[in-house]
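Coordinates from work-v5.tsv are shown below (TSV, C-alpha atoms and all ligand atoms).
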chain	number	residue	atom	x	y	z
A	15	MET	CA	-12.37	18.22	-2.86
A	16	THR	CA	-8.82	17.73	-4.01
A	17	GLY	CA	-6.70	14.63	-3.64
A	18	SER	CA	-3.02	13.88	-3.62
A	19	VAL	CA	-0.99	11.15	-5.24
A	20	ILE	CA	2.09	10.03	-3.31
A	21	THR	CA	4.57	7.85	-5.14
A	22	VAL	CA	6.96	5.74	-3.06
A	23	ALA	CA	9.77	4.71	-5.39
A	24	GLN	CA	13.39	3.75	-4.92
A	25	GLN	CA	15.59	1.59	-7.11
A	26	LYS	CA	17.37	0.00	-4.17
A	27	GLY	CA	15.73	-3.17	-2.92
A	28	GLY	CA	14.84	-3.52	0.74
A	29	SER	CA	14.92	0.23	1.35
A	30	GLY	CA	11.52	0.33	3.03
A	31	LYS	CA	9.13	1.21	0.20
A	32	THR	CA	6.47	-1.33	1.12
A	33	THR	CA	6.71	-0.64	4.86
A	34	LEU	CA	6.50	3.12	4.34
A	35	SER	CA	3.53	2.79	1.95
A	36	ALA	CA	1.54	0.63	4.37
A	37	ASN	CA	2.25	2.94	7.28
A	38	LEU	CA	1.38	6.08	5.31
A	39	ALA	CA	-1.92	4.48	4.30
A	40	ILE	CA	-2.82	3.54	7.87
A	41	GLY	CA	-1.70	6.94	9.16
A	42	PHE	CA	-3.84	8.84	6.66
A	43	LEU	CA	-6.81	6.54	7.38
A	44	ALA	CA	-6.43	7.32	11.07
A	45	GLN	CA	-6.71	11.01	10.15
A	46	GLY	CA	-10.05	10.27	8.49
A	47	LYS	CA	-8.74	10.58	4.93
A	48	SER	CA	-9.88	8.40	2.02
A	49	VAL	CA	-6.95	6.26	0.91
A	50	ALA	CA	-6.35	4.05	-2.12
A	51	LEU	CA	-3.17	2.00	-2.44
A	52	VAL	CA	-1.96	0.93	-5.88
A	53	ASP	CA	0.90	-1.56	-5.86
A	54	ILE	CA	2.84	-1.48	-9.13
A	55	ASP	CA	5.60	-3.79	-7.86
A	56	PRO	CA	5.14	-7.25	-9.45
A	57	GLN	CA	6.61	-8.70	-6.24
A	58	GLY	CA	3.21	-8.01	-4.66
A	59	SER	CA	4.37	-7.50	-1.07
A	60	LEU	CA	1.85	-4.76	-0.38
A	61	GLY	CA	-0.96	-7.00	-1.60
A	62	ARG	CA	0.16	-9.75	0.78
A	63	TRP	CA	0.23	-7.23	3.61
A	64	PHE	CA	-3.27	-6.02	2.66
A	65	MET	CA	-4.74	-9.54	2.44
A	66	THR	CA	-3.15	-10.63	5.72
A	67	ARG	CA	-4.43	-7.57	7.51
A	68	LEU	CA	-7.86	-8.00	5.94
A	69	GLU	CA	-8.06	-11.60	7.21
A	70	ARG	CA	-6.83	-10.81	10.71
A	71	ASP	CA	-8.56	-7.52	11.41
A	72	PRO	CA	-10.86	-6.31	8.62
A	73	GLY	CA	-12.16	-3.41	10.71
A	74	ALA	CA	-8.68	-1.92	10.98
A	75	LEU	CA	-8.58	-1.27	7.24
A	76	GLY	CA	-11.70	0.90	7.28
A	77	THR	CA	-12.36	2.25	3.81
A	78	LEU	CA	-8.86	1.53	2.49
A	79	GLU	CA	-8.93	0.57	-1.18
A	80	PHE	CA	-6.27	-1.65	-2.72
A	81	ALA	CA	-5.41	-2.45	-6.32
A	82	THR	CA	-2.48	-3.71	-8.32
A	83	SER	CA	-1.30	-2.19	-11.57
A	84	SER	CA	-2.92	-5.05	-13.51
A	85	ALA	CA	-6.28	-3.78	-12.27
A	86	TRP	CA	-5.87	-0.76	-14.55
A	87	GLY	CA	-4.28	-2.60	-17.41
A	88	GLY	CA	-0.59	-1.91	-17.00
A	89	ASP	CA	2.12	-4.55	-17.09
A	90	VAL	CA	5.24	-3.76	-15.14
A	101	LIG	N1	12.02	2.58	8.94
A	101	LIG	C1	12.49	1.35	9.10
A	101	LIG	N2	13.32	1.03	10.09
A	101	LIG	C2	13.80	-0.22	10.24
A	101	LIG	N3	13.50	-1.26	9.44
A	101	LIG	C3	12.68	-0.99	8.40
A	101	LIG	C4	12.13	0.31	8.17
A	101	LIG	N4	11.36	0.26	7.06
A	101	LIG	C5	11.42	-1.01	6.63
A	101	LIG	N5	12.20	-1.78	7.44
A	101	LIG	C6	12.50	-3.21	7.27
A	101	LIG	O1	13.35	-3.31	6.13
A	101	LIG	C7	13.02	-4.48	5.38
A	101	LIG	C8	12.68	-4.10	3.96
A	101	LIG	O2	11.53	-3.27	3.96
A	101	LIG	P1	10.51	-3.26	2.76
A	101	LIG	O3	10.09	-4.65	2.40
A	101	LIG	O4	9.43	-2.27	3.13
A	101	LIG	O5	11.42	-2.64	1.62
A	101	LIG	P2	11.12	-2.54	0.07
A	101	LIG	O6	11.89	-1.34	-0.42
A	101	LIG	O7	9.67	-2.54	-0.19
A	101	LIG	O8	11.79	-3.89	-0.46
A	101	LIG	P3	11.68	-4.54	-1.93
A	101	LIG	O9	12.66	-3.78	-2.78
A	101	LIG	O10	12.07	-5.96	-1.72
A	101	LIG	O11	10.26	-4.35	-2.40
A	101	LIG	C9	11.86	-5.17	6.12
A	101	LIG	O12	12.37	-6.19	6.93
A	101	LIG	C10	11.27	-4.03	6.96
A	101	LIG	O13	10.67	-4.53	8.13
A	102	MG	MG	8.53	-3.82	-1.44

What do you get writing this file as structure tokens?
Ligand SMILES: Nc1ncnc2c1ncn2[C@@H]1O[C@H](COP(=O)(O)OP(=O)(O)OP(=O)(O)O)[C@@H](O)[C@H]1O
Ligand SMILES: [Mg+2]
Amino acid sequence: MTGSVITVAQQKGGSGKTTLSANLAIGFLAQGKSVALVDIDPQGSLGRWFMTRLERDPGALGTLEFATSSAWGGDV
């Protein structure tokens, strides 16, 4: 089985990177795909989204995996 890596990157702040990433993840999950999100933005917005959603509706996240860059040793 092959996988894909999708990078959402844009220098401009507030351009929708975090929103797009969260929606792509949920969309692919809804298609039955295995999804892992890695947030390399030190701002941590995607992590806050993940934790909030986990608290409010854990079932909705299914098998979604989440990590920050520090989980694999990188400092950004
Ligand atoms: N497609 C869209 N249409 C309208 N508003 C959007 C869309 N995508 C994101 N937004 C809104 O734009 C704002 C910035 O979005 P978001 O936080 O995803 O951007 P970002 O690029 O991750 O920002 P940052 O550079 O601060 O990390 C938020 O208020 C979000 O709700
Ligand atoms: Mg962001």

Centre and edges of the ligand LIG 101 (chain A) box, axis-aligned, 6 Å extra per side, as AutoDock Vina command-line options:
--center_x 11.6 --center_y -1.8 --center_z 3.7 --size_x 16.4 --size_y 20.8 --size_z 25.0

Next on the checklist: Counting all atoms listed in the file, what are the residues, protein, DNA or RNA alike, that approach ligand LIG 101 (chain A) to within 12 Å? I want them as a PyMOL selection string.
Outcome noted: chain A and resi 22-38+53-63

Checklist outcome for this item: Taken to one decimal, the atom CA of Thr16 of chain A-atom CA of Leu68 of chain A distance is 27.6 Å

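Taking atom CA of Leu51 of chain A and atom CA of Glu79 of chain A as the two end points, the separation is 6.1 Å.
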
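Taking all atoms listed in the file into account, the residues near (-7.8, -0.5, -3.6), no farther than 12 Å, are Ala39, Ser48, Val49, Ala50, Leu51, Val52, Asp53, Leu60, Gly61, Phe64, Met65, Leu75, Gly76, Thr77, Leu78, Glu79, Phe80, Ala81, Thr82, Ser83, Ser84, Ala85 and Trp86 of chain A.
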
Checklist entry - atom CA of Arg70 of chain A and atom CA of Gly17 of chain A are how many Å apart? => result 29.2 Å

Any chance you could build segment 70-81 of chain A out to N, CA and C atoms and write it as an mmCIF file, keeping the file's coordinate frame?
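Dumped to selection_2.cif:
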data_model
loop_
_atom_site.group_PDB
_atom_site.id
_atom_site.type_symbol
_atom_site.label_atom_id
_atom_site.label_comp_id
_atom_site.auth_asym_id
_atom_site.auth_seq_id
_atom_site.Cartn_x
_atom_site.Cartn_y
_atom_site.Cartn_z
ATOM 1 N N ARG A 70 -6.994 -10.842 9.255
ATOM 2 C CA ARG A 70 -6.830 -10.810 10.710
ATOM 3 C C ARG A 70 -7.669 -9.761 11.404
ATOM 4 N N ASP A 71 -7.846 -8.607 10.744
ATOM 5 C CA ASP A 71 -8.560 -7.520 11.410
ATOM 6 C C ASP A 71 -9.189 -6.608 10.369
ATOM 7 N N PRO A 72 -10.270 -7.065 9.718
ATOM 8 C CA PRO A 72 -10.860 -6.310 8.620
ATOM 9 C C PRO A 72 -11.249 -4.895 9.022
ATOM 10 N N GLY A 73 -11.705 -4.726 10.256
ATOM 11 C CA GLY A 73 -12.160 -3.410 10.710
ATOM 12 C C GLY A 73 -11.046 -2.381 10.698
ATOM 13 N N ALA A 74 -9.811 -2.844 10.883
ATOM 14 C CA ALA A 74 -8.680 -1.920 10.980
ATOM 15 C C ALA A 74 -8.376 -1.243 9.645
ATOM 16 N N LEU A 75 -8.869 -1.837 8.552
ATOM 17 C CA LEU A 75 -8.580 -1.270 7.240
ATOM 18 C C LEU A 75 -9.596 -0.209 6.831
ATOM 19 N N GLY A 76 -10.708 -0.139 7.569
ATOM 20 C CA GLY A 76 -11.700 0.900 7.280
ATOM 21 C C GLY A 76 -12.082 0.913 5.810
ATOM 22 N N THR A 77 -11.948 2.076 5.205
ATOM 23 C CA THR A 77 -12.360 2.250 3.810
ATOM 24 C C THR A 77 -11.175 2.127 2.846
ATOM 25 N N LEU A 78 -10.059 1.631 3.335
ATOM 26 C CA LEU A 78 -8.860 1.530 2.490
ATOM 27 C C LEU A 78 -9.122 0.696 1.238
ATOM 28 N N GLU A 79 -8.793 1.272 0.092
ATOM 29 C CA GLU A 79 -8.930 0.570 -1.180
ATOM 30 C C GLU A 79 -7.556 0.050 -1.596
ATOM 31 N N PHE A 80 -7.542 -1.112 -2.255
ATOM 32 C CA PHE A 80 -6.270 -1.650 -2.720
ATOM 33 C C PHE A 80 -6.419 -2.165 -4.145
ATOM 34 N N ALA A 81 -5.424 -1.908 -4.961
ATOM 35 C CA ALA A 81 -5.410 -2.450 -6.320
ATOM 36 C C ALA A 81 -3.966 -2.684 -6.746
#
